[in-house]
Amino acid sequence: VQLQASGGGLVQAGGSLRLSCAASIRTGSTSSYVMGWFRQTPGEEREFVAASARSGGSTYYADSVKGRFTMSRDNAKNTAYLQMNRLKPEDTAVYFCAADRSLIFSDYATGDAYDYWGQGTLVTVSS
C-alpha cells in the first residue's frame with residue numbers, strides 16, 4: 001500500500017483547505033483499511049487528528065479539531081479526505097495520512113498502530 005497526501009498550502013486564519021490521501025493498493029480497496037490523519041510540528045509529538053472506520057460509518061476526531069474538520073472517504077477512488085474549515089494558526093503542521101488493514105478500531109488514535117503512511121503535506125495557517 002502506498003499513500004500520497006496532497007492539498008496542503010498557505011492559508012489565512014479562518015480559511016479552509018481540503019487534504020486528499022490517495023492510496024495505491026495492489027488488491028482490494030480502502031474499504032478494508034482504517035484510515036487516519038495525523039499531524040506533526042517540529043519538536044513535537046505526532047498528534048492524532050481524525051480516523052475513519054473501514055466501512056466509513058464511524059469517524060472520530062481530536063477535540064482540537066472537532067466541529068471544524070471533517071474526514072470522509074471514497075472507497076471507489078481509494079481516497080480519503082480531510083476538509084479543514086475555520087483554520088487556526090495552531091493547526092499549522094505537516095499532515096500525514098495513514099492506513100492499516102488489521103488495526104483494532106479502538107487503537108485509531110495510536111499512530112504506531114498504523115502500518116502505512118503517506119509522505120506528509122504542509123499546512124501553514126497565517127494569523
# chains A, B, ... in the order shown; residues from 1 in each chain; ligands from 1
>>> residues_around(residues="region 2-14 of chain A", least_positions_apart="2", cutoff="9 Å", atoms="only C-alpha atoms", output="ChimeraX atom specification")
/A:16-25,85-89,94-99,116-127
>>> write_last_selection(atoms="C-alpha atoms", output="PDB file, in the first residue's frame")
ATOM      1  CA  SER A  16     -10.275  26.359   4.524  1.00  0.00           C
ATOM      2  CA  LEU A  17      -8.237  23.627   2.879  1.00  0.00           C
ATOM      3  CA  ARG A  18      -9.041  20.111   1.751  1.00  0.00           C
ATOM      4  CA  LEU A  19      -6.408  17.441   2.006  1.00  0.00           C
ATOM      5  CA  SER A  20      -6.510  14.270  -0.038  1.00  0.00           C
ATOM      6  CA  CYS A  21      -4.900  10.913   0.595  1.00  0.00           C
ATOM      7  CA  ALA A  22      -4.766   8.685  -2.467  1.00  0.00           C
ATOM      8  CA  ALA A  23      -3.988   5.034  -1.812  1.00  0.00           C
ATOM      9  CA  SER A  24      -2.381   2.646  -4.246  1.00  0.00           C
ATOM     10  CA  ILE A  25      -3.444  -0.860  -3.282  1.00  0.00           C
ATOM     11  CA  ASN A  85     -12.538  24.789   7.958  1.00  0.00           C
ATOM     12  CA  ARG A  86     -12.046  27.738  10.277  1.00  0.00           C
ATOM     13  CA  LEU A  87      -8.350  27.076  10.350  1.00  0.00           C
ATOM     14  CA  LYS A  88      -6.281  28.478  13.178  1.00  0.00           C
ATOM     15  CA  PRO A  89      -2.545  29.251  13.346  1.00  0.00           C
ATOM     16  CA  VAL A  94       2.749  18.635   8.412  1.00  0.00           C
ATOM     17  CA  TYR A  95      -0.285  16.439   7.929  1.00  0.00           C
ATOM     18  CA  PHE A  96       0.118  12.718   7.333  1.00  0.00           C
ATOM     19  CA  CYS A  97      -2.395  10.146   6.264  1.00  0.00           C
ATOM     20  CA  ALA A  98      -2.146   6.577   7.482  1.00  0.00           C
ATOM     21  CA  ALA A  99      -3.844   3.282   6.809  1.00  0.00           C
ATOM     22  CA  TYR A 116       1.197   2.502   6.122  1.00  0.00           C
ATOM     23  CA  TRP A 117       1.980   6.221   5.975  1.00  0.00           C
ATOM     24  CA  GLY A 118       1.991   8.907   3.329  1.00  0.00           C
ATOM     25  CA  GLN A 119       4.797  11.411   2.931  1.00  0.00           C
ATOM     26  CA  GLY A 120       3.033  14.357   4.546  1.00  0.00           C
ATOM     27  CA  THR A 121       1.722  17.655   3.243  1.00  0.00           C
ATOM     28  CA  LEU A 122       2.465  21.003   4.885  1.00  0.00           C
ATOM     29  CA  VAL A 123      -0.361  23.204   6.078  1.00  0.00           C
ATOM     30  CA  THR A 124       0.557  26.726   7.146  1.00  0.00           C
ATOM     31  CA  VAL A 125      -2.067  28.991   8.690  1.00  0.00           C
ATOM     32  CA  SER A 126      -1.118  32.640   8.992  1.00  0.00           C
ATOM     33  CA  SER A 127      -2.627  34.917  11.594  1.00  0.00           C
TER      34      SER A 127
END
>>> select_by_dssp(residues="region 22-126 of chain A", states="strand (DSSP E or B)", output="PyMOL selection string")
chain A and resi 22-24+34-40+47-52+59-61+69-74+79-84+93-100+116-117+121-126
>>> closest_residue(among="A:Arg73, A:Gly15, A:Gly28, A:Asp115", to="Ala50 (chain A)", atoms="only C-alpha atoms")
A:Arg73
>>> residues_around(residues="Ser31 (chain A)", least_positions_apart="2", cutoff="7 Å", atoms="only C-alpha atoms", output="ChimeraX atom specification")
/A:29,33,54-55,75
>>> write_last_selection(atoms="N, CA and C atoms", output="PDB file, in the first residue's frame")
ATOM      1  N   SER A  29      -9.489  -2.622  -1.818  1.00  0.00           N
ATOM      2  CA  SER A  29      -9.690  -1.171  -1.797  1.00  0.00           C
ATOM      3  C   SER A  29      -9.541  -0.671  -0.370  1.00  0.00           C
ATOM      4  N   TYR A  33      -9.504  -0.941   5.010  1.00  0.00           N
ATOM      5  CA  TYR A  33      -8.495  -0.271   5.824  1.00  0.00           C
ATOM      6  C   TYR A  33      -9.106   0.803   6.710  1.00  0.00           C
ATOM      7  N   ARG A  54     -13.365   1.249   8.702  1.00  0.00           N
ATOM      8  CA  ARG A  54     -13.286   0.605   7.399  1.00  0.00           C
ATOM      9  C   ARG A  54     -14.527   0.862   6.557  1.00  0.00           C
ATOM     10  N   SER A  55     -15.668   0.757   7.173  1.00  0.00           N
ATOM     11  CA  SER A  55     -16.908   0.951   6.435  1.00  0.00           C
ATOM     12  C   SER A  55     -17.174   2.414   6.137  1.00  0.00           C
ATOM     13  N   ASN A  75     -14.206   5.087  -1.138  1.00  0.00           N
ATOM     14  CA  ASN A  75     -13.517   3.807  -1.309  1.00  0.00           C
ATOM     15  C   ASN A  75     -13.438   3.396  -2.780  1.00  0.00           C
TER      16      ASN A  75
END
>>> residues_around(residues="Ile104 (chain A)", least_positions_apart="4", cutoff="10 Å", atoms="only C-alpha atoms", output="MDAnalysis selection string")
chainID A and resid 34 53 100 108 113:114
>>> closest_residue(among="A:Asp91, A:Phe69, A:Asp63, A:Ser52", to="Ser32 (chain A)", atoms="only C-alpha atoms")
A:Ser52
>>> closest_residue(among="A:Ser64, A:Thr59, A:Asn78, A:Thr70", to="Thr30 (chain A)", atoms="only C-alpha atoms")
A:Asn78
>>> atom_distance(atom1="CA of Arg68 (chain A)", atom2="CA of Gln83 (chain A)")
8.3 Å
>>> closest_residue(among="A:Asp74, A:Tyr60, A:Gly67, A:Thr79", to="Ser106 (chain A)", atoms="only C-alpha atoms")
A:Tyr60
>>> select_by_dssp(residues="chain A", states="helix (DSSP H, G or I)", output="list in words")
Thr30, Ser31, Ser32, Pro89, Glu90, Asp91, Phe105, Ser106, Asp107, Gly111, Asp112 and Ala113 of chain A
>>> closest_residue(among="A:Gly36, A:Gly57, A:Gly111, A:Pro42", to="Thr92 (chain A)", atoms="only C-alpha atoms")
A:Pro42
>>> atom_distance(atom1="CA of Ala93 (chain A)", atom2="CA of Tyr81 (chain A)")
16.5 Å
>>> decode(residues="region 54-90 of chain A", atoms="N, CA, C and O atoms", output="PDB file, in the first residue's frame")
ATOM      1  N   ARG A  54     -13.365   1.249   8.702  1.00  0.00           N
ATOM      2  CA  ARG A  54     -13.286   0.605   7.399  1.00  0.00           C
ATOM      3  C   ARG A  54     -14.527   0.862   6.557  1.00  0.00           C
ATOM      4  O   ARG A  54     -14.449   1.177   5.387  1.00  0.00           O
ATOM      5  N   SER A  55     -15.668   0.757   7.173  1.00  0.00           N
ATOM      6  CA  SER A  55     -16.908   0.951   6.435  1.00  0.00           C
ATOM      7  C   SER A  55     -17.174   2.414   6.137  1.00  0.00           C
ATOM      8  O   SER A  55     -18.031   2.742   5.329  1.00  0.00           O
ATOM      9  N   GLY A  56     -16.443   3.287   6.822  1.00  0.00           N
ATOM     10  CA  GLY A  56     -16.684   4.714   6.694  1.00  0.00           C
ATOM     11  C   GLY A  56     -17.833   5.191   7.553  1.00  0.00           C
ATOM     12  O   GLY A  56     -18.167   6.369   7.558  1.00  0.00           O
ATOM     13  N   GLY A  57     -18.447   4.283   8.311  1.00  0.00           N
ATOM     14  CA  GLY A  57     -19.607   4.661   9.098  1.00  0.00           C
ATOM     15  C   GLY A  57     -19.272   5.423  10.352  1.00  0.00           C
ATOM     16  O   GLY A  57     -20.077   6.218  10.840  1.00  0.00           O
ATOM     17  N   SER A  58     -18.101   5.170  10.921  1.00  0.00           N
ATOM     18  CA  SER A  58     -17.709   5.845  12.152  1.00  0.00           C
ATOM     19  C   SER A  58     -16.470   6.675  11.900  1.00  0.00           C
ATOM     20  O   SER A  58     -15.507   6.207  11.295  1.00  0.00           O
ATOM     21  N   THR A  59     -16.510   7.893  12.354  1.00  0.00           N
ATOM     22  CA  THR A  59     -15.364   8.789  12.222  1.00  0.00           C
ATOM     23  C   THR A  59     -15.124   9.451  13.566  1.00  0.00           C
ATOM     24  O   THR A  59     -16.081   9.844  14.242  1.00  0.00           O
ATOM     25  N   TYR A  60     -13.876   9.558  13.935  1.00  0.00           N
ATOM     26  CA  TYR A  60     -13.519  10.135  15.224  1.00  0.00           C
ATOM     27  C   TYR A  60     -12.533  11.283  15.013  1.00  0.00           C
ATOM     28  O   TYR A  60     -11.711  11.237  14.104  1.00  0.00           O
ATOM     29  N   TYR A  61     -12.623  12.262  15.903  1.00  0.00           N
ATOM     30  CA  TYR A  61     -11.805  13.453  15.769  1.00  0.00           C
ATOM     31  C   TYR A  61     -11.134  13.794  17.085  1.00  0.00           C
ATOM     32  O   TYR A  61     -11.670  13.537  18.162  1.00  0.00           O
ATOM     33  N   ALA A  62      -9.990  14.418  16.975  1.00  0.00           N
ATOM     34  CA  ALA A  62      -9.370  15.017  18.149  1.00  0.00           C
ATOM     35  C   ALA A  62     -10.238  16.180  18.608  1.00  0.00           C
ATOM     36  O   ALA A  62     -10.860  16.869  17.792  1.00  0.00           O
ATOM     37  N   ASP A  63     -10.248  16.410  19.902  1.00  0.00           N
ATOM     38  CA  ASP A  63     -11.062  17.506  20.434  1.00  0.00           C
ATOM     39  C   ASP A  63     -10.674  18.847  19.822  1.00  0.00           C
ATOM     40  O   ASP A  63     -11.512  19.719  19.637  1.00  0.00           O
ATOM     41  N   SER A  64      -9.408  18.998  19.497  1.00  0.00           N
ATOM     42  CA  SER A  64      -8.910  20.271  18.988  1.00  0.00           C
ATOM     43  C   SER A  64      -9.451  20.616  17.601  1.00  0.00           C
ATOM     44  O   SER A  64      -9.390  21.777  17.193  1.00  0.00           O
ATOM     45  N   VAL A  65      -9.961  19.626  16.870  1.00  0.00           N
ATOM     46  CA  VAL A  65     -10.450  19.883  15.519  1.00  0.00           C
ATOM     47  C   VAL A  65     -11.934  19.582  15.368  1.00  0.00           C
ATOM     48  O   VAL A  65     -12.519  19.868  14.308  1.00  0.00           O
ATOM     49  N   LYS A  66     -12.523  19.029  16.391  1.00  0.00           N
ATOM     50  CA  LYS A  66     -13.942  18.648  16.312  1.00  0.00           C
ATOM     51  C   LYS A  66     -14.797  19.867  15.992  1.00  0.00           C
ATOM     52  O   LYS A  66     -14.637  20.932  16.593  1.00  0.00           O
ATOM     53  N   GLY A  67     -15.702  19.698  15.042  1.00  0.00           N
ATOM     54  CA  GLY A  67     -16.565  20.798  14.640  1.00  0.00           C
ATOM     55  C   GLY A  67     -15.979  21.671  13.543  1.00  0.00           C
ATOM     56  O   GLY A  67     -16.694  22.479  12.935  1.00  0.00           O
ATOM     57  N   ARG A  68     -14.696  21.531  13.276  1.00  0.00           N
ATOM     58  CA  ARG A  68     -14.037  22.316  12.226  1.00  0.00           C
ATOM     59  C   ARG A  68     -13.539  21.436  11.077  1.00  0.00           C
ATOM     60  O   ARG A  68     -13.545  21.864   9.925  1.00  0.00           O
ATOM     61  N   PHE A  69     -13.105  20.241  11.381  1.00  0.00           N
ATOM     62  CA  PHE A  69     -12.559  19.331  10.383  1.00  0.00           C
ATOM     63  C   PHE A  69     -13.553  18.206  10.127  1.00  0.00           C
ATOM     64  O   PHE A  69     -14.237  17.741  11.039  1.00  0.00           O
ATOM     65  N   THR A  70     -13.609  17.765   8.891  1.00  0.00           N
ATOM     66  CA  THR A  70     -14.453  16.635   8.520  1.00  0.00           C
ATOM     67  C   THR A  70     -13.652  15.664   7.664  1.00  0.00           C
ATOM     68  O   THR A  70     -13.106  16.056   6.627  1.00  0.00           O
ATOM     69  N   MET A  71     -13.602  14.432   8.139  1.00  0.00           N
ATOM     70  CA  MET A  71     -12.934  13.394   7.352  1.00  0.00           C
ATOM     71  C   MET A  71     -13.963  12.598   6.577  1.00  0.00           C
ATOM     72  O   MET A  71     -15.030  12.266   7.096  1.00  0.00           O
ATOM     73  N   SER A  72     -13.649  12.314   5.336  1.00  0.00           N
ATOM     74  CA  SER A  72     -14.523  11.486   4.517  1.00  0.00           C
ATOM     75  C   SER A  72     -13.653  10.555   3.684  1.00  0.00           C
ATOM     76  O   SER A  72     -12.429  10.681   3.657  1.00  0.00           O
ATOM     77  N   ARG A  73     -14.281   9.633   3.033  1.00  0.00           N
ATOM     78  CA  ARG A  73     -13.543   8.706   2.197  1.00  0.00           C
ATOM     79  C   ARG A  73     -14.396   8.272   1.026  1.00  0.00           C
ATOM     80  O   ARG A  73     -15.612   8.184   1.133  1.00  0.00           O
ATOM     81  N   ASP A  74     -13.740   8.016  -0.084  1.00  0.00           N
ATOM     82  CA  ASP A  74     -14.392   7.485  -1.274  1.00  0.00           C
ATOM     83  C   ASP A  74     -13.660   6.191  -1.599  1.00  0.00           C
ATOM     84  O   ASP A  74     -12.606   6.205  -2.244  1.00  0.00           O
ATOM     85  N   ASN A  75     -14.206   5.087  -1.138  1.00  0.00           N
ATOM     86  CA  ASN A  75     -13.517   3.807  -1.309  1.00  0.00           C
ATOM     87  C   ASN A  75     -13.438   3.396  -2.780  1.00  0.00           C
ATOM     88  O   ASN A  75     -12.538   2.650  -3.165  1.00  0.00           O
ATOM     89  N   ALA A  76     -14.358   3.871  -3.589  1.00  0.00           N
ATOM     90  CA  ALA A  76     -14.307   3.561  -5.019  1.00  0.00           C
ATOM     91  C   ALA A  76     -13.084   4.202  -5.672  1.00  0.00           C
ATOM     92  O   ALA A  76     -12.554   3.695  -6.660  1.00  0.00           O
ATOM     93  N   LYS A  77     -12.647   5.325  -5.108  1.00  0.00           N
ATOM     94  CA  LYS A  77     -11.465   6.021  -5.619  1.00  0.00           C
ATOM     95  C   LYS A  77     -10.232   5.762  -4.768  1.00  0.00           C
ATOM     96  O   LYS A  77      -9.165   6.328  -5.013  1.00  0.00           O
ATOM     97  N   ASN A  78     -10.392   4.931  -3.730  1.00  0.00           N
ATOM     98  CA  ASN A  78      -9.270   4.657  -2.809  1.00  0.00           C
ATOM     99  C   ASN A  78      -8.658   5.952  -2.279  1.00  0.00           C
ATOM    100  O   ASN A  78      -7.432   6.106  -2.224  1.00  0.00           O
ATOM    101  N   THR A  79      -9.513   6.862  -1.881  1.00  0.00           N
ATOM    102  CA  THR A  79      -9.058   8.174  -1.438  1.00  0.00           C
ATOM    103  C   THR A  79      -9.792   8.589  -0.168  1.00  0.00           C
ATOM    104  O   THR A  79     -11.003   8.382  -0.056  1.00  0.00           O
ATOM    105  N   ALA A  80      -9.035   9.157   0.742  1.00  0.00           N
ATOM    106  CA  ALA A  80      -9.601   9.762   1.945  1.00  0.00           C
ATOM    107  C   ALA A  80      -9.363  11.264   1.886  1.00  0.00           C
ATOM    108  O   ALA A  80      -8.404  11.727   1.254  1.00  0.00           O
ATOM    109  N   TYR A  81     -10.226  12.004   2.543  1.00  0.00           N
ATOM    110  CA  TYR A  81     -10.154  13.453   2.511  1.00  0.00           C
ATOM    111  C   TYR A  81     -10.213  14.010   3.927  1.00  0.00           C
ATOM    112  O   TYR A  81     -10.764  13.390   4.835  1.00  0.00           O
ATOM    113  N   LEU A  82      -9.670  15.188   4.078  1.00  0.00           N
ATOM    114  CA  LEU A  82      -9.797  15.921   5.330  1.00  0.00           C
ATOM    115  C   LEU A  82     -10.152  17.363   4.964  1.00  0.00           C
ATOM    116  O   LEU A  82      -9.296  18.110   4.490  1.00  0.00           O
ATOM    117  N   GLN A  83     -11.415  17.709   5.168  1.00  0.00           N
ATOM    118  CA  GLN A  83     -11.860  19.064   4.940  1.00  0.00           C
ATOM    119  C   GLN A  83     -11.609  19.860   6.199  1.00  0.00           C
ATOM    120  O   GLN A  83     -12.118  19.511   7.270  1.00  0.00           O
ATOM    121  N   MET A  84     -10.821  20.918   6.081  1.00  0.00           N
ATOM    122  CA  MET A  84     -10.431  21.712   7.249  1.00  0.00           C
ATOM    123  C   MET A  84     -11.005  23.113   7.085  1.00  0.00           C
ATOM    124  O   MET A  84     -10.631  23.840   6.159  1.00  0.00           O
ATOM    125  N   ASN A  85     -11.910  23.464   7.972  1.00  0.00           N
ATOM    126  CA  ASN A  85     -12.538  24.789   7.958  1.00  0.00           C
ATOM    127  C   ASN A  85     -12.150  25.567   9.201  1.00  0.00           C
ATOM    128  O   ASN A  85     -11.697  24.993  10.200  1.00  0.00           O
ATOM    129  N   ARG A  86     -12.346  26.846   9.146  1.00  0.00           N
ATOM    130  CA  ARG A  86     -12.046  27.738  10.277  1.00  0.00           C
ATOM    131  C   ARG A  86     -10.661  27.441  10.834  1.00  0.00           C
ATOM    132  O   ARG A  86     -10.482  27.261  12.045  1.00  0.00           O
ATOM    133  N   LEU A  87      -9.707  27.415   9.951  1.00  0.00           N
ATOM    134  CA  LEU A  87      -8.350  27.076  10.350  1.00  0.00           C
ATOM    135  C   LEU A  87      -7.763  28.118  11.280  1.00  0.00           C
ATOM    136  O   LEU A  87      -8.052  29.323  11.174  1.00  0.00           O
ATOM    137  N   LYS A  88      -6.937  27.638  12.185  1.00  0.00           N
ATOM    138  CA  LYS A  88      -6.281  28.478  13.178  1.00  0.00           C
ATOM    139  C   LYS A  88      -4.768  28.358  12.996  1.00  0.00           C
ATOM    140  O   LYS A  88      -4.277  27.341  12.500  1.00  0.00           O
ATOM    141  N   PRO A  89      -4.014  29.355  13.438  1.00  0.00           N
ATOM    142  CA  PRO A  89      -2.545  29.251  13.346  1.00  0.00           C
ATOM    143  C   PRO A  89      -2.005  27.991  14.018  1.00  0.00           C
ATOM    144  O   PRO A  89      -1.020  27.416  13.546  1.00  0.00           O
ATOM    145  N   GLU A  90      -2.650  27.548  15.078  1.00  0.00           N
ATOM    146  CA  GLU A  90      -2.173  26.343  15.771  1.00  0.00           C
ATOM    147  C   GLU A  90      -2.433  25.061  14.995  1.00  0.00           C
ATOM    148  O   GLU A  90      -1.987  23.992  15.401  1.00  0.00           O
TER     149      GLU A  90
END
